[in-house]
Amino acid sequence: MELDVLEKATTKDLKLKLREKVLRLKKERNAYIVAHNYQNYEVQEVADILGDSLALSKATVGTGYDVIVFCGVDFMAESAKILNPEKTVLLPVREADCPMALMVTPERLREKKAQYPDAAVVCYVNSSAEIKAESDIACTSANAVQIVKSLPNKQILFVPDKNLGHYVQRFCPEKEIILWQGFCTTHIRVTAGDVLKMKDKYPGSPFIAHPECPPDVIDLADHVASTSGFSPYIAKSKAETFIIGTEVGMIYKLKKDHPSKRFVMPTEQFVCQTMKMTTLGWVAHALEVLEHKIEIPEPIRVKAERTLRRMMDVSGDHPNAAIASY
């Protein structure tokens with residue numbers, strides 16, 4: 001028992017020292033720390049801003065910081081670099097990648113484009129810089145329907161998330177959505193059975209689902225939203241308990257925004273392992289030695305930026321505007 005208390009005290013002291021080190025290095029490096037909502041709570045606590053991938057990248061545009069530390073996964077840090085080519089952008093853990101983004105390669109996408117020459121390529125922002133460079137326009141889970149509806153093309157090649165593509169198809173029956181068979185390895189873990197059990201356990205509690213969830217799970221949702229849409233919905237609801245259909249890291253922000261509300265998860269499997277790779281220690285290391293730097297070949301960066309800017313033009317969601325997320 002005494003050993004457990006000692007270990008807890010030591011861990012707490014270590015985290016406090018790491019936190020102090022991060023805050024000190026942040027000032028010395030003139031750095032801006034951004035953290036995705038799915039990050040470990042200790043990382044979210046030292047961040048200058050919390051949010052979702054592209055929204056965080058846009059929030060860094062026009063700031064006076066020299067270094068951007070992106071606490072998330074690789075494609076997010078790439079988006080920050082695409083929009084901030086003159087900045088040093090760091091990804092604390094090189095291995096923190098997105099399994100869904102890896103499910104599409106430039107070579108395979110080019111083959112599919114040749115198969116459907118009349119299709120507009122819409123890429124979810126959860127994709128690499130190379131895929132963005134091969135696409136016509138990007139989208140987020142918040143604006144995907146708006147983006148697809150804005151295109152004159154009848155055929156839409158939607159990559160890489162088939163579940164988000166299924167969701168878009170519900171609202172765009174006039175379009176032929178050609179689905180890539182990619183998916184989020186975290187959101188795919190929740191089942192309709194999981195949700196029904198929680199609805200039985202907490203009758204009357206709204207289930208909020210992210211559109212990356214499978215279609216049969218979406219069918220059970222009281223509200224479907226990008227992570228930025230969770231908090232506004234909760235604020236307007238009279239319910240006391242909410243079933244949260246996205247990664248467990250989201251609970252940190254929701255508890256901060258709504259301390260009197262209760263949040264429950266439909267499954268214990270709602271954990272993105274690569275998101276959780278980033279710790280205070282890795283953030284401190286990144287600031288101390290300035291690694292790992294994100295580098296994107298300029299021809300690819302320029303094409304990828306064009307894809308992102310086209311999306312922003314359609315949605316009116318430009319850098320330095322209010323964070324809208326997806």
# chains A, B, ... in the order shown; residues from 1 in each chain; ligands from 1

$ residues_around --residues "Cys272 in chain A" --least-positions-apart "2" --cutoff "7 Å" --atoms "only C-alpha atoms" --output "VMD selection string"
chain A and resid 186 247 270 274 to 276

$ write_last_selection --atoms "N, CA and C atoms" --output "mmCIF file, in the first residue's frame"
data_model
loop_
_atom_site.group_PDB
_atom_site.id
_atom_site.type_symbol
_atom_site.label_atom_id
_atom_site.label_comp_id
_atom_site.auth_asym_id
_atom_site.auth_seq_id
_atom_site.Cartn_x
_atom_site.Cartn_y
_atom_site.Cartn_z
ATOM 1 N N THR A 186 -10.714 3.406 -35.044
ATOM 2 C CA THR A 186 -11.277 3.640 -33.707
ATOM 3 C C THR A 186 -12.802 3.663 -33.775
ATOM 4 N N GLU A 247 -13.993 9.288 -29.868
ATOM 5 C CA GLU A 247 -12.823 8.904 -29.073
ATOM 6 C C GLU A 247 -12.898 9.474 -27.663
ATOM 7 N N PHE A 270 -13.160 2.709 -27.549
ATOM 8 C CA PHE A 270 -13.088 4.010 -28.213
ATOM 9 C C PHE A 270 -11.791 4.734 -27.846
ATOM 10 N N THR A 274 -2.672 5.653 -31.567
ATOM 11 C CA THR A 274 -1.620 6.538 -32.068
ATOM 12 C C THR A 274 -1.792 7.960 -31.532
ATOM 13 N N MET A 275 -3.033 8.376 -31.300
ATOM 14 C CA MET A 275 -3.264 9.680 -30.670
ATOM 15 C C MET A 275 -2.682 9.713 -29.268
ATOM 16 N N LYS A 276 -2.752 8.576 -28.605
ATOM 17 C CA LYS A 276 -2.317 8.508 -27.208
ATOM 18 C C LYS A 276 -0.803 8.326 -27.064
#

$ closest_atom_pairs --of "range 192-263 of chain A" --to "range 151-168 of chain A" --cutoff "6 Å" --atoms "only C-alpha atoms" --output "Markdown table"
| residue | atom | partner | partner_atom | distance |
| --- | --- | --- | --- | --- |
| A:Pro211 | CA | A:Leu164 | CA | 5.5 |
| A:Glu212 | CA | A:Leu164 | CA | 5.2 |
| A:Pro214 | CA | A:Asn163 | CA | 5.7 |

$ select_by_dssp --residues "range 137-299 of chain A" --states "helix (DSSP H, G or I)" --output "PyMOL selection string"
chain A and resi 144-150+162-171+187-189+192-201+215-218+227-236+250-257+275-277+280-289+298-299

$ residues_around --residues "range 292-309 of chain A" --least-positions-apart "6" --cutoff "9 Å" --atoms "only C-alpha atoms" --output "PyMOL selection string"
chain A and resi 74+77-79+81-83+85+88-94+123+125+129-139+286+318

$ closest_atom_pairs --of "range 77-142 of chain A" --to "range 220-233 of chain A" --cutoff "9 Å" --atoms "only C-alpha atoms" --output "CSV"
residue,atom,partner,partner_atom,distance
A:Thr140,CA,A:Ser226,CA,8.3
A:Ser141,CA,A:Ser226,CA,5.7
A:Ala142,CA,A:Ser226,CA,5.3

$ residues_around --residues "Pro206 in chain A" --least-positions-apart "5" --cutoff "9 Å" --atoms "only C-alpha atoms" --output "VMD selection string"
chain A and resid 199 221 to 223 237 239 241 to 244

$ write_last_selection --atoms "C-alpha atoms" --output "PDB file, in the first residue's frame"
ATOM      1  CA  LYS A 199     -29.638   3.419 -24.302  1.00  0.00           C
ATOM      2  CA  ALA A 221     -27.961   8.594 -33.115  1.00  0.00           C
ATOM      3  CA  ASP A 222     -30.028  11.415 -31.656  1.00  0.00           C
ATOM      4  CA  HIS A 223     -27.498  13.815 -33.129  1.00  0.00           C
ATOM      5  CA  SER A 237     -30.119  19.954 -24.348  1.00  0.00           C
ATOM      6  CA  ALA A 239     -30.571  16.017 -20.644  1.00  0.00           C
ATOM      7  CA  THR A 241     -26.376  12.264 -19.283  1.00  0.00           C
ATOM      8  CA  PHE A 242     -25.022  11.859 -22.808  1.00  0.00           C
ATOM      9  CA  ILE A 243     -23.702   8.822 -24.668  1.00  0.00           C
ATOM     10  CA  ILE A 244     -20.594   9.980 -26.519  1.00  0.00           C
TER      11      ILE A 244
END

$ closest_residue --among "A:Lys197, A:Arg110, A:Arg310, A:Lys26" --to "Leu290 in chain A" --atoms "only C-alpha atoms"
A:Lys26

$ residues_around --residues "range 37-42 of chain A" --least-positions-apart "2" --cutoff "8 Å" --atoms "only C-alpha atoms" --output "list in words"
Ala35, Gln44, Glu45, Val46, Leu50, Gly51, Asp52, Cys71, Gly72, Glu247, Val248, Gly249, Met250, Tyr252, Lys253, Cys272, Met275, Lys276, Thr278, Thr279 and Leu280 of chain A

$ select_by_dssp --residues "range 43-268 of chain A" --states "strand (DSSP E or B)" --output "MDAnalysis selection string"
chainID A and resid 49:51 67:71 88:90 120:124 137:139 155:159 161 176:179 182 207:209 223:224 241:245 262:264

$ write_last_selection --atoms "C-alpha atoms" --output "short mmCIF file (atom, residue, chain, number, x, y, z; two decimals), in the first residue's frame"
data_model
loop_
_atom_site.label_atom_id
_atom_site.label_comp_id
_atom_site.auth_asym_id
_atom_site.auth_seq_id
_atom_site.Cartn_x
_atom_site.Cartn_y
_atom_site.Cartn_z
CA ILE A 49 -5.46 25.74 -28.11
CA LEU A 50 -7.59 22.59 -28.32
CA GLY A 51 -9.62 21.50 -31.29
CA VAL A 67 7.54 26.93 -33.87
CA ILE A 68 4.29 24.97 -34.00
CA VAL A 69 4.14 21.80 -31.91
CA PHE A 70 1.28 19.69 -33.24
CA CYS A 71 0.10 17.16 -30.68
CA THR A 88 8.94 25.02 -38.06
CA VAL A 89 6.24 22.40 -37.48
CA LEU A 90 7.00 19.59 -35.05
CA ALA A 120 -14.40 14.91 -58.75
CA VAL A 121 -11.98 13.68 -56.09
CA VAL A 122 -13.02 14.77 -52.62
CA CYS A 123 -10.53 13.89 -49.91
CA TYR A 124 -11.30 13.92 -46.23
CA ILE A 137 -11.01 19.55 -53.04
CA ALA A 138 -10.84 18.58 -49.36
CA CYS A 139 -13.62 18.29 -46.82
CA GLN A 155 -19.75 11.35 -59.76
CA ILE A 156 -17.75 11.89 -56.59
CA LEU A 157 -14.72 9.79 -55.73
CA PHE A 158 -14.68 10.07 -51.95
CA VAL A 159 -11.49 9.10 -50.09
CA ASP A 161 -13.41 7.14 -45.25
CA GLU A 176 -23.03 8.96 -57.25
CA ILE A 177 -20.61 8.60 -54.34
CA ILE A 178 -17.80 6.20 -55.22
CA LEU A 179 -16.55 4.99 -51.87
CA GLY A 182 -11.02 3.06 -45.84
CA PHE A 207 -26.52 9.44 -28.21
CA ILE A 208 -24.21 11.77 -30.14
CA ALA A 209 -22.29 10.10 -32.97
CA HIS A 223 -27.50 13.82 -33.13
CA VAL A 224 -24.64 13.38 -35.60
CA THR A 241 -26.38 12.26 -19.28
CA PHE A 242 -25.02 11.86 -22.81
CA ILE A 243 -23.70 8.82 -24.67
CA ILE A 244 -20.59 9.98 -26.52
CA GLY A 245 -19.92 8.35 -29.88
CA ARG A 262 -22.46 13.26 -17.21
CA PHE A 263 -20.79 11.59 -20.16
CA VAL A 264 -20.63 7.86 -20.82
#

$ atom_distance --atom1 "CA of Glu240 in chain A" --atom2 "CA of Pro203 in chain A"
11.2 Å

$ atom_distance --atom1 "CA of Ala284 in chain A" --atom2 "CA of Val61 in chain A"
23.0 Å

$ closest_residue --among "A:Pro215, A:Ala144, A:Leu287, A:Gly281" --to "Arg19 in chain A" --atoms "only C-alpha atoms"
A:Gly281

$ atom_distance --atom1 "CA of Leu54 in chain A" --atom2 "CA of Asp118 in chain A"
27.8 Å

$ decode --residues "range 53-86 of chain A" --atoms "N, CA and C atoms" --output "PDB file, in the first residue's frame"
ATOM      1  N   SER A  53      -8.145  18.751 -36.194  1.00  0.00           N
ATOM      2  CA  SER A  53      -6.939  18.864 -37.002  1.00  0.00           C
ATOM      3  C   SER A  53      -6.819  20.101 -37.877  1.00  0.00           C
ATOM      4  N   LEU A  54      -7.677  20.254 -38.875  1.00  0.00           N
ATOM      5  CA  LEU A  54      -7.515  21.384 -39.782  1.00  0.00           C
ATOM      6  C   LEU A  54      -7.814  22.704 -39.081  1.00  0.00           C
ATOM      7  N   ALA A  55      -8.782  22.701 -38.180  1.00  0.00           N
ATOM      8  CA  ALA A  55      -9.102  23.918 -37.435  1.00  0.00           C
ATOM      9  C   ALA A  55      -7.881  24.396 -36.659  1.00  0.00           C
ATOM     10  N   LEU A  56      -7.140  23.450 -36.076  1.00  0.00           N
ATOM     11  CA  LEU A  56      -5.928  23.812 -35.343  1.00  0.00           C
ATOM     12  C   LEU A  56      -4.873  24.355 -36.296  1.00  0.00           C
ATOM     13  N   SER A  57      -4.749  23.735 -37.452  1.00  0.00           N
ATOM     14  CA  SER A  57      -3.776  24.202 -38.436  1.00  0.00           C
ATOM     15  C   SER A  57      -4.094  25.634 -38.867  1.00  0.00           C
ATOM     16  N   LYS A  58      -5.378  25.892 -39.113  1.00  0.00           N
ATOM     17  CA  LYS A  58      -5.781  27.232 -39.528  1.00  0.00           C
ATOM     18  C   LYS A  58      -5.558  28.249 -38.419  1.00  0.00           C
ATOM     19  N   ALA A  59      -5.719  27.806 -37.174  1.00  0.00           N
ATOM     20  CA  ALA A  59      -5.554  28.719 -36.049  1.00  0.00           C
ATOM     21  C   ALA A  59      -4.110  29.197 -35.912  1.00  0.00           C
ATOM     22  N   THR A  60      -3.178  28.446 -36.494  1.00  0.00           N
ATOM     23  CA  THR A  60      -1.767  28.833 -36.403  1.00  0.00           C
ATOM     24  C   THR A  60      -1.372  29.866 -37.451  1.00  0.00           C
ATOM     25  N   VAL A  61      -2.204  30.041 -38.471  1.00  0.00           N
ATOM     26  CA  VAL A  61      -1.871  30.950 -39.570  1.00  0.00           C
ATOM     27  C   VAL A  61      -1.915  32.396 -39.081  1.00  0.00           C
ATOM     28  N   GLY A  62      -0.849  33.133 -39.387  1.00  0.00           N
ATOM     29  CA  GLY A  62      -0.825  34.543 -39.046  1.00  0.00           C
ATOM     30  C   GLY A  62      -0.383  34.845 -37.628  1.00  0.00           C
ATOM     31  N   THR A  63      -0.003  33.822 -36.878  1.00  0.00           N
ATOM     32  CA  THR A  63       0.492  34.061 -35.522  1.00  0.00           C
ATOM     33  C   THR A  63       1.959  34.474 -35.571  1.00  0.00           C
ATOM     34  N   GLY A  64       2.445  35.009 -34.487  1.00  0.00           N
ATOM     35  CA  GLY A  64       3.837  35.452 -34.451  1.00  0.00           C
ATOM     36  C   GLY A  64       4.793  34.411 -33.915  1.00  0.00           C
ATOM     37  N   TYR A  65       4.355  33.167 -33.846  1.00  0.00           N
ATOM     38  CA  TYR A  65       5.207  32.106 -33.294  1.00  0.00           C
ATOM     39  C   TYR A  65       6.154  31.544 -34.349  1.00  0.00           C
ATOM     40  N   ASP A  66       7.320  31.109 -33.889  1.00  0.00           N
ATOM     41  CA  ASP A  66       8.314  30.529 -34.793  1.00  0.00           C
ATOM     42  C   ASP A  66       8.138  29.025 -34.955  1.00  0.00           C
ATOM     43  N   VAL A  67       7.644  28.389 -33.896  1.00  0.00           N
ATOM     44  CA  VAL A  67       7.541  26.933 -33.867  1.00  0.00           C
ATOM     45  C   VAL A  67       6.107  26.528 -33.537  1.00  0.00           C
ATOM     46  N   ILE A  68       5.609  25.542 -34.271  1.00  0.00           N
ATOM     47  CA  ILE A  68       4.292  24.965 -34.000  1.00  0.00           C
ATOM     48  C   ILE A  68       4.505  23.519 -33.579  1.00  0.00           C
ATOM     49  N   VAL A  69       4.063  23.180 -32.379  1.00  0.00           N
ATOM     50  CA  VAL A  69       4.142  21.801 -31.905  1.00  0.00           C
ATOM     51  C   VAL A  69       2.745  21.206 -32.041  1.00  0.00           C
ATOM     52  N   PHE A  70       2.597  20.258 -32.968  1.00  0.00           N
ATOM     53  CA  PHE A  70       1.279  19.687 -33.235  1.00  0.00           C
ATOM     54  C   PHE A  70       1.142  18.364 -32.502  1.00  0.00           C
ATOM     55  N   CYS A  71       0.345  18.372 -31.463  1.00  0.00           N
ATOM     56  CA  CYS A  71       0.100  17.164 -30.679  1.00  0.00           C
ATOM     57  C   CYS A  71      -1.123  16.459 -31.268  1.00  0.00           C
ATOM     58  N   GLY A  72      -0.839  15.537 -32.162  1.00  0.00           N
ATOM     59  CA  GLY A  72      -1.894  14.826 -32.876  1.00  0.00           C
ATOM     60  C   GLY A  72      -1.255  13.702 -33.656  1.00  0.00           C
ATOM     61  N   VAL A  73      -1.702  13.505 -34.895  1.00  0.00           N
ATOM     62  CA  VAL A  73      -1.090  12.494 -35.762  1.00  0.00           C
ATOM     63  C   VAL A  73      -0.541  13.166 -37.016  1.00  0.00           C
ATOM     64  N   ASP A  74       0.169  12.389 -37.819  1.00  0.00           N
ATOM     65  CA  ASP A  74       0.985  12.949 -38.897  1.00  0.00           C
ATOM     66  C   ASP A  74       0.250  13.846 -39.893  1.00  0.00           C
ATOM     67  N   PHE A  75      -0.924  13.412 -40.381  1.00  0.00           N
ATOM     68  CA  PHE A  75      -1.576  14.224 -41.411  1.00  0.00           C
ATOM     69  C   PHE A  75      -1.977  15.598 -40.874  1.00  0.00           C
ATOM     70  N   MET A  76      -2.212  15.690 -39.560  1.00  0.00           N
ATOM     71  CA  MET A  76      -2.574  16.965 -38.951  1.00  0.00           C
ATOM     72  C   MET A  76      -1.394  17.932 -38.971  1.00  0.00           C
ATOM     73  N   ALA A  77      -0.232  17.416 -38.594  1.00  0.00           N
ATOM     74  CA  ALA A  77       0.970  18.251 -38.619  1.00  0.00           C
ATOM     75  C   ALA A  77       1.295  18.653 -40.055  1.00  0.00           C
ATOM     76  N   GLU A  78       1.034  17.750 -40.998  1.00  0.00           N
ATOM     77  CA  GLU A  78       1.252  18.086 -42.404  1.00  0.00           C
ATOM     78  C   GLU A  78       0.352  19.239 -42.836  1.00  0.00           C
ATOM     79  N   SER A  79      -0.904  19.213 -42.415  1.00  0.00           N
ATOM     80  CA  SER A  79      -1.822  20.295 -42.773  1.00  0.00           C
ATOM     81  C   SER A  79      -1.327  21.626 -42.229  1.00  0.00           C
ATOM     82  N   ALA A  80      -0.770  21.588 -41.017  1.00  0.00           N
ATOM     83  CA  ALA A  80      -0.216  22.813 -40.427  1.00  0.00           C
ATOM     84  C   ALA A  80       0.943  23.328 -41.268  1.00  0.00           C
ATOM     85  N   LYS A  81       1.780  22.418 -41.747  1.00  0.00           N
ATOM     86  CA  LYS A  81       2.922  22.804 -42.567  1.00  0.00           C
ATOM     87  C   LYS A  81       2.457  23.300 -43.936  1.00  0.00           C
ATOM     88  N   ILE A  82       1.441  22.676 -44.495  1.00  0.00           N
ATOM     89  CA  ILE A  82       0.910  23.094 -45.795  1.00  0.00           C
ATOM     90  C   ILE A  82       0.460  24.552 -45.730  1.00  0.00           C
ATOM     91  N   LEU A  83      -0.179  24.914 -44.644  1.00  0.00           N
ATOM     92  CA  LEU A  83      -0.702  26.271 -44.497  1.00  0.00           C
ATOM     93  C   LEU A  83       0.303  27.246 -43.881  1.00  0.00           C
ATOM     94  N   ASN A  84       1.383  26.696 -43.327  1.00  0.00           N
ATOM     95  CA  ASN A  84       2.411  27.525 -42.680  1.00  0.00           C
ATOM     96  C   ASN A  84       3.800  27.111 -43.157  1.00  0.00           C
ATOM     97  N   PRO A  85       4.097  27.251 -44.446  1.00  0.00           N
ATOM     98  CA  PRO A  85       5.364  26.733 -44.983  1.00  0.00           C
ATOM     99  C   PRO A  85       6.604  27.366 -44.378  1.00  0.00           C
ATOM    100  N   GLU A  86       6.479  28.584 -43.861  1.00  0.00           N
ATOM    101  CA  GLU A  86       7.637  29.289 -43.308  1.00  0.00           C
ATOM    102  C   GLU A  86       7.913  28.928 -41.855  1.00  0.00           C
TER     103      GLU A  86
END
